[in-house]
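Coordinates as given in query_25.txt (compact mmCIF, C-alpha atoms and all ligand atoms):
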```txt
# COMPACT_ATOMS: atom_id res chain seq x y z
CA MET Y 1219 55.12 120.87 99.16
CA ALA Y 1220 52.63 122.60 96.92
CA VAL Y 1221 49.21 121.53 95.72
CA GLU Y 1222 47.99 123.28 92.61
CA ARG Y 1223 44.28 122.91 92.01
CA GLU Y 1224 42.02 124.84 89.63
CA GLY Y 1225 44.71 127.50 89.23
CA LYS Y 1226 45.06 128.01 92.96
CA LEU Y 1227 48.06 127.16 95.06
CA MET Y 1228 48.22 125.70 98.57
CA LEU Y 1229 51.52 125.26 100.36
CA PHE Y 1230 52.12 122.55 102.93
CA ASP Y 1231 55.00 123.69 105.17
CA CYS Y 1232 57.35 126.42 104.10
CA GLY Y 1233 60.97 125.61 104.93
CA GLU Y 1234 63.97 127.74 104.13
CA GLY Y 1235 64.48 127.93 100.37
CA THR Y 1236 60.81 127.48 99.48
CA GLN Y 1237 60.65 130.71 97.46
CA ARG Y 1238 63.64 129.83 95.34
CA GLN Y 1239 62.29 126.35 94.70
CA MET Y 1240 58.91 127.77 93.73
CA VAL Y 1241 60.49 130.11 91.22
CA MET Y 1242 62.51 127.27 89.74
CA ALA Y 1243 59.55 124.91 89.69
CA ARG Y 1244 57.13 127.21 87.87
CA PRO Y 1245 56.89 130.97 88.22
CA SER Y 1246 53.15 131.05 87.47
CA ILE Y 1247 52.31 129.42 90.77
CA SER Y 1248 54.39 131.49 93.17
CA ASN Y 1249 51.34 133.12 94.73
CA PRO Y 1250 49.75 130.83 97.33
CA GLU Y 1251 46.30 131.37 98.76
CA CYS Y 1252 46.80 129.19 101.84
CA VAL Y 1253 49.80 127.91 103.74
CA PHE Y 1254 49.43 124.95 106.12
CA ILE Y 1255 52.26 124.66 108.64
CA THR Y 1256 52.55 121.32 110.43
CA HIS Y 1257 54.65 122.38 113.42
CA LEU Y 1258 56.97 125.04 114.78
CA HIS Y 1259 60.32 123.51 113.84
CA GLY Y 1260 62.56 125.70 111.69
CA ASP Y 1261 62.80 123.32 108.74
CA HIS Y 1262 59.03 123.61 108.31
CA LEU Y 1263 58.45 127.34 108.64
CA LEU Y 1264 61.59 129.46 108.24
CA GLY Y 1265 60.69 130.27 104.63
CA LEU Y 1266 57.36 131.79 105.57
CA LEU Y 1267 58.66 135.18 106.67
CA GLY Y 1268 60.53 135.74 103.41
CA LEU Y 1269 57.56 134.56 101.39
CA ILE Y 1270 55.23 136.99 103.19
CA GLN Y 1271 57.65 139.83 102.47
CA SER Y 1272 58.03 138.89 98.79
CA LEU Y 1273 54.27 138.76 98.33
CA ALA Y 1274 54.15 142.29 99.76
CA LEU Y 1275 56.68 143.46 97.17
CA GLN Y 1276 54.45 142.00 94.44
CA ASN Y 1277 51.64 144.31 95.62
CA ARG Y 1278 49.45 141.44 96.63
CA GLU Y 1279 45.98 142.51 97.71
CA GLU Y 1280 44.22 139.24 98.55
CA ALA Y 1281 44.45 137.85 102.07
CA LEU Y 1282 46.97 135.11 102.81
CA HIS Y 1283 45.52 132.35 104.99
CA VAL Y 1284 48.06 130.76 107.30
CA PHE Y 1285 47.08 127.61 109.19
CA GLY Y 1286 49.29 126.19 111.93
CA PRO Y 1287 49.78 125.46 115.62
CA ARG Y 1288 49.17 128.12 118.24
CA GLY Y 1289 52.17 130.47 118.50
CA LEU Y 1290 52.86 130.68 114.76
CA ASP Y 1291 51.15 134.07 114.56
CA GLU Y 1292 53.39 135.43 117.34
CA ILE Y 1293 56.57 134.24 115.60
CA ILE Y 1294 55.56 135.88 112.33
CA MET Y 1295 54.14 139.12 113.74
CA PHE Y 1296 57.07 139.64 116.12
CA ASN Y 1297 59.54 139.36 113.24
CA LEU Y 1298 57.55 141.55 110.87
CA THR Y 1299 57.34 144.25 113.54
CA ALA Y 1300 61.03 143.98 114.48
CA LEU Y 1301 62.02 144.21 110.81
CA HIS Y 1302 59.65 147.15 110.15
CA VAL Y 1303 58.08 145.28 107.24
CA TYR Y 1304 54.87 146.80 105.90
CA ILE Y 1305 52.41 144.21 104.59
CA PRO Y 1306 49.75 145.72 102.32
CA TYR Y 1307 47.51 142.63 102.41
CA LYS Y 1308 45.81 140.83 105.26
CA ILE Y 1309 47.46 137.84 106.88
CA SER Y 1310 44.74 135.65 108.40
CA PHE Y 1311 46.06 133.25 111.01
CA HIS Y 1312 44.00 130.15 111.70
CA PRO Y 1313 45.18 128.26 114.81
CA VAL Y 1314 44.76 124.57 114.05
CA ARG Y 1315 42.94 122.02 116.16
CA PRO Y 1316 42.13 118.43 115.19
CA GLY Y 1317 39.18 118.32 112.78
CA ILE Y 1318 38.09 120.39 109.80
CA VAL Y 1319 40.28 123.48 109.38
CA LEU Y 1320 39.09 124.66 105.97
CA LYS Y 1321 35.77 124.02 104.30
CA GLU Y 1322 34.86 125.28 100.85
CA LYS Y 1323 32.21 124.18 98.38
CA GLU Y 1324 34.62 121.97 96.46
CA LEU Y 1325 36.98 120.73 99.14
CA LYS Y 1326 37.79 120.42 102.78
CA VAL Y 1327 41.04 120.18 104.69
CA ARG Y 1328 41.27 118.35 107.99
CA ALA Y 1329 44.04 118.27 110.58
CA HIS Y 1330 45.11 115.49 112.92
CA ARG Y 1331 47.73 115.52 115.69
CA THR Y 1332 50.90 113.58 114.91
CA LEU Y 1333 53.25 111.99 117.40
CA HIS Y 1334 56.36 114.17 117.18
CA THR Y 1335 58.58 116.23 119.51
CA SER Y 1336 56.35 119.31 119.33
CA ASP Y 1337 52.66 120.15 118.88
CA SER Y 1338 52.36 118.86 115.34
CA TYR Y 1339 49.60 118.28 112.78
CA ALA Y 1340 49.11 116.25 109.63
CA TYR Y 1341 46.74 117.53 106.95
CA ARG Y 1342 44.35 115.80 104.62
CA LEU Y 1343 42.61 117.43 101.67
CA ASP Y 1344 39.46 115.87 100.22
CA GLU Y 1345 37.58 117.16 97.23
CA SER Y 1346 33.79 117.03 97.36
CA THR Y 1347 32.05 114.51 95.14
CA ARG Y 1348 31.27 115.66 91.58
CA PRO Y 1349 28.09 115.24 89.55
CA GLY Y 1350 27.89 111.92 87.69
CA ARG Y 1351 28.60 111.37 84.01
CA PHE Y 1352 25.97 113.08 81.82
CA PHE Y 1353 24.10 111.03 79.20
CA PRO Y 1354 22.88 113.32 76.34
CA GLU Y 1355 20.68 110.59 74.85
CA LYS Y 1356 18.69 110.31 78.10
CA ALA Y 1357 18.24 114.09 78.19
CA ARG Y 1358 17.04 114.09 74.56
CA ALA Y 1359 14.66 111.21 75.22
CA LEU Y 1360 13.05 113.27 77.99
CA GLY Y 1361 12.71 116.19 75.59
CA VAL Y 1362 15.32 118.45 77.23
CA PRO Y 1363 16.76 120.74 74.55
CA GLN Y 1364 20.53 121.09 74.36
CA GLY Y 1365 21.74 124.35 75.97
CA PRO Y 1366 21.48 125.98 79.40
CA LEU Y 1367 19.11 123.29 80.73
CA TRP Y 1368 21.74 120.61 79.99
CA LYS Y 1369 24.30 122.70 81.82
CA ARG Y 1370 22.03 122.93 84.89
CA LEU Y 1371 21.56 119.16 84.92
CA GLN Y 1372 25.30 118.58 84.41
CA ASP Y 1373 25.95 120.80 87.42
CA GLY Y 1374 23.75 118.51 89.48
CA ARG Y 1375 20.67 120.78 89.66
CA SER Y 1376 17.06 119.83 88.83
CA ILE Y 1377 15.11 121.59 86.09
CA LYS Y 1378 11.44 122.19 85.32
CA LEU Y 1379 10.19 121.31 81.85
CA GLY Y 1380 6.55 121.40 80.72
CA GLY Y 1381 5.32 121.19 84.31
CA HIS Y 1382 7.57 118.22 85.17
CA VAL Y 1383 10.65 118.20 87.35
CA ILE Y 1384 13.64 116.43 85.82
CA ARG Y 1385 16.33 115.43 88.26
CA PRO Y 1386 20.04 115.07 87.43
CA SER Y 1387 19.85 111.38 88.43
CA GLN Y 1388 17.48 110.76 85.47
CA VAL Y 1389 20.07 111.88 82.93
CA SER Y 1390 23.40 111.09 84.60
CA GLY Y 1391 25.25 108.35 86.44
CA PRO Y 1392 26.02 108.23 90.16
CA ARG Y 1393 28.04 111.08 91.68
CA ARG Y 1394 31.79 110.67 91.20
CA LYS Y 1395 34.51 110.64 93.85
CA GLY Y 1396 36.76 113.64 94.37
CA ARG Y 1397 40.52 113.39 94.78
CA SER Y 1398 42.42 113.33 98.06
CA PHE Y 1399 45.87 114.23 99.31
CA GLY Y 1400 47.59 113.65 102.65
CA TYR Y 1401 50.68 115.21 104.19
CA SER Y 1402 52.15 113.96 107.45
CA GLY Y 1403 54.72 116.59 108.40
CA ASP Y 1404 57.05 114.96 110.96
CA ALA Y 1405 55.43 111.91 112.47
CA ARG Y 1406 55.66 108.46 114.01
CA PRO Y 1407 53.51 105.91 112.14
CA THR Y 1408 50.73 105.56 114.73
CA LYS Y 1409 47.50 103.64 114.21
CA ASP Y 1410 45.35 106.74 114.36
CA ILE Y 1411 47.41 108.65 111.79
CA MET Y 1412 47.13 105.55 109.56
CA ARG Y 1413 43.33 105.76 109.91
CA PHE Y 1414 43.40 109.50 109.24
CA PHE Y 1415 45.05 108.90 105.86
CA ARG Y 1416 42.85 105.95 104.92
CA LYS Y 1417 42.53 105.58 101.12
CA VAL Y 1418 44.00 108.96 100.13
CA ASP Y 1419 45.04 109.03 96.48
CA LEU Y 1420 48.46 110.51 97.26
CA LEU Y 1421 50.22 110.46 100.61
CA VAL Y 1422 53.41 112.36 101.40
CA PHE Y 1423 54.89 110.86 104.56
CA ASP Y 1424 57.92 111.30 106.82
CA GLY Y 1425 60.71 108.82 106.09
CA THR Y 1426 63.63 110.49 107.80
CA TYR Y 1427 65.58 107.30 108.44
CA SER Y 1428 66.62 104.09 106.72
CA GLU Y 1429 65.76 100.79 108.42
CA GLU Y 1430 69.18 100.58 110.14
CA PHE Y 1431 68.24 103.63 112.22
CA ALA Y 1432 64.85 102.42 113.44
CA ASP Y 1433 65.89 103.20 117.04
CA LYS Y 1434 66.68 106.80 116.07
CA ALA Y 1435 63.28 107.15 114.39
CA LYS Y 1436 61.65 106.05 117.66
CA GLU Y 1437 63.85 108.32 119.77
CA TYR Y 1438 63.34 111.49 117.70
CA LEU Y 1439 59.71 110.71 116.80
CA HIS Y 1440 60.11 110.37 113.05
CA SER Y 1441 59.58 107.33 110.80
CA THR Y 1442 61.79 105.00 108.80
CA VAL Y 1443 61.07 104.52 105.10
CA GLY Y 1444 59.84 100.99 105.89
CA GLU Y 1445 57.46 102.30 108.55
CA ALA Y 1446 56.11 104.89 106.11
CA ALA Y 1447 55.57 102.16 103.52
CA GLN Y 1448 53.90 99.84 106.05
CA LEU Y 1449 51.51 102.64 107.04
CA ALA Y 1450 50.70 103.36 103.39
CA SER Y 1451 49.94 99.69 102.85
CA GLU Y 1452 47.63 99.44 105.89
CA ALA Y 1453 45.90 102.72 105.00
CA GLN Y 1454 45.43 101.45 101.41
CA VAL Y 1455 46.59 104.73 99.88
CA GLY Y 1456 46.96 105.08 96.12
CA ARG Y 1457 50.53 106.27 96.00
CA LEU Y 1458 53.17 107.09 98.60
CA VAL Y 1459 55.88 109.74 98.33
CA ILE Y 1460 58.45 109.47 101.10
CA THR Y 1461 59.98 112.76 102.15
CA HIS Y 1462 62.01 114.52 104.88
CA ILE Y 1463 64.95 112.22 104.07
CA SER Y 1464 67.93 112.62 106.41
CA ALA Y 1465 70.79 114.66 104.95
CA ARG Y 1466 73.09 111.76 105.82
CA VAL Y 1467 71.54 109.60 103.10
CA ASN Y 1468 73.26 109.90 99.74
CA ASP Y 1469 71.88 106.83 98.01
CA SER Y 1470 68.11 106.95 97.76
CA SER Y 1471 67.92 103.70 95.76
CA MET Y 1472 68.63 101.80 98.97
CA LEU Y 1473 65.71 103.60 100.66
CA LEU Y 1474 63.46 102.73 97.75
CA ARG Y 1475 64.39 99.04 98.03
CA GLN Y 1476 63.59 99.04 101.75
CA ALA Y 1477 60.26 100.81 101.24
CA SER Y 1478 59.05 98.78 98.25
CA LYS Y 1479 59.28 95.56 100.26
CA ARG Y 1480 56.21 96.77 102.17
CA PHE Y 1481 54.38 98.94 99.62
CA LYS Y 1482 54.75 98.80 95.85
CA ASN Y 1483 53.51 102.18 94.64
CA VAL Y 1484 56.18 104.25 96.39
CA VAL Y 1485 58.78 106.83 95.39
CA ILE Y 1486 61.45 108.65 97.34
CA GLY Y 1487 60.51 112.30 96.88
CA GLU Y 1488 63.00 114.63 95.27
CA ASP Y 1489 62.99 118.36 94.57
CA PHE Y 1490 60.71 119.29 91.65
CA ASN Y 1491 58.91 115.96 91.49
CA SER Y 1492 55.31 116.52 90.52
CA TYR Y 1493 52.31 114.21 90.37
CA ASP Y 1494 49.07 114.61 88.49
CA LEU Y 1495 46.00 113.27 90.20
CA ALA Y 1496 43.46 112.34 87.55
CA LEU Y 1497 39.78 112.85 88.32
CA PRO Y 1498 38.25 109.40 88.92
CA GLU Y 1499 35.70 108.41 86.26
ZN ZN M 1 60.03 118.42 113.47
ZN ZN M 2 61.28 118.36 110.14
```
Show me, as structure tokens, the structure contained in the file I just sent.
Amino acid sequence: MAVEREGKLMLFDCGEGTQRQMVMARPSISNPECVFITHLHGDHLLGLLGLIQSLALQNREEALHVFGPRGLDEIIMFNLTALHVYIPYKISFHPVRPGIVLKEKELKVRAHRTLHTSDSYAYRLDESTRPGRFFPEKARALGVPQGPLWKRLQDGRSIKLGGHVIRPSQVSGPRRKGRSFGYSGDARPTKDIMRFFRKVDLLVFDGTYSEEFADKAKEYLHSTVGEAAQLASEAQVGRLVITHISARVNDSSMLLRQASKRFKNVVIGEDFNSYDLALPE
């Protein structure tokens, strides 16, 4: 699962085969800045070691930030040492606890425990709000000349003109919402994880089982496609992509029928699907 934003790449989990899929998807984004691992099960992290080694071969210099449960650093460092791999860049491990795990000017990423068979986290990315729509006619009416002063106001900063302060709110609309993305990893559809994902624009959620195997989903602490759809409906998300489909399923149209009974804007995720999230107006 990769999120590409402003030319930067974030990976969410890194299962076996991730590198090959990244190359096939689009070579220009094979260089992630951050990797968020949900839990220490092989299908979610076994691709990380190979990825770290490949980035070393590409003479990467920037640090790679790896977020995940406690113990992930030991798994990676033990293997790198045993394999005598030299890494020319810094690997920064960030052990994850519930709450904000990454905060930048334009976005933040939060983690929340999921109910699964190991210490496991879901992630939610929220962009900061953006300055409101700029109205040139209002700026002109206040005597602000077109140029760098407009740019300052468009960036949400006040300016001084002829002894007066002009605030962005005088020449632009209300601040606009950022976009949001949620990723469950492996999870039961609990109430608190539903609240954690409230109103995300795009949610990628565990739907390992079809409805016939609801008891298995409970036993192995995963979700059925119907449960994923029900959670998406209650959380009022924009769009749901169901993932982590059991290898036993060979007809995904049946899964889609089961899921769409409870939530309309749903797809069964497949390799190389991609979704554009438009900036809200
Ligand atoms: Zn798992
Ligand atoms: Zn899994």
Could I get the residue neighbourhood of ligand ZN 1 (chain M) at 7 Å, counting all atoms listed in the file, as a list of chain:residue names?
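So, counting all atoms listed in the file, the residues near ligand ZN 1 (chain M) are Y:His1257, Y:His1259, Y:His1334, Y:Thr1335, Y:Ser1336, Y:Asp1404.
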Test item: residues no farther than 8 Å from ligand ZN 2 (chain M), counting only C-alpha atoms and all ligand atoms, as a list in words
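I would give the residues around ligand ZN 2 (chain M) as His1259, Gly1260, Asp1261, His1262, Gly1403, Asp1404 and His1462 of chain Y.
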Between Y:Met1242, Y:Tyr1341, Y:Leu1497, Y:Leu1333, which has the minimum distance to Gly1317 of chain Y (counting only C-alpha atoms)?
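For Gly1317 of chain Y, the nearest of the candidates is Y:Tyr1341.
For the set Y:Asp1344, Y:Glu1322, Y:Glu1499, Y:Asp1373, the residue with the smallest atom-to-atom gap to Tyr1401 of chain Y is Y:Asp1344, counting all atoms listed in the file.
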Polymer residues at most 9 Å from Val1221 of chain Y, all atoms listed in the file, same-chain spacing of 3 or more positions, as a JSON list (two decimals) with C-alpha atoms, in the frame of the given file:
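The result, written out as result_15.json:
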```json
[["chain", "number", "residue", "atom", "x", "y", "z"],
["Y", 1226, "LYS", "CA", 45.06, 128.01, 92.96],
["Y", 1227, "LEU", "CA", 48.06, 127.16, 95.06],
["Y", 1228, "MET", "CA", 48.22, 125.70, 98.57],
["Y", 1229, "LEU", "CA", 51.52, 125.26, 100.36],
["Y", 1230, "PHE", "CA", 52.12, 122.55, 102.93],
["Y", 1399, "PHE", "CA", 45.87, 114.23, 99.31]]
```
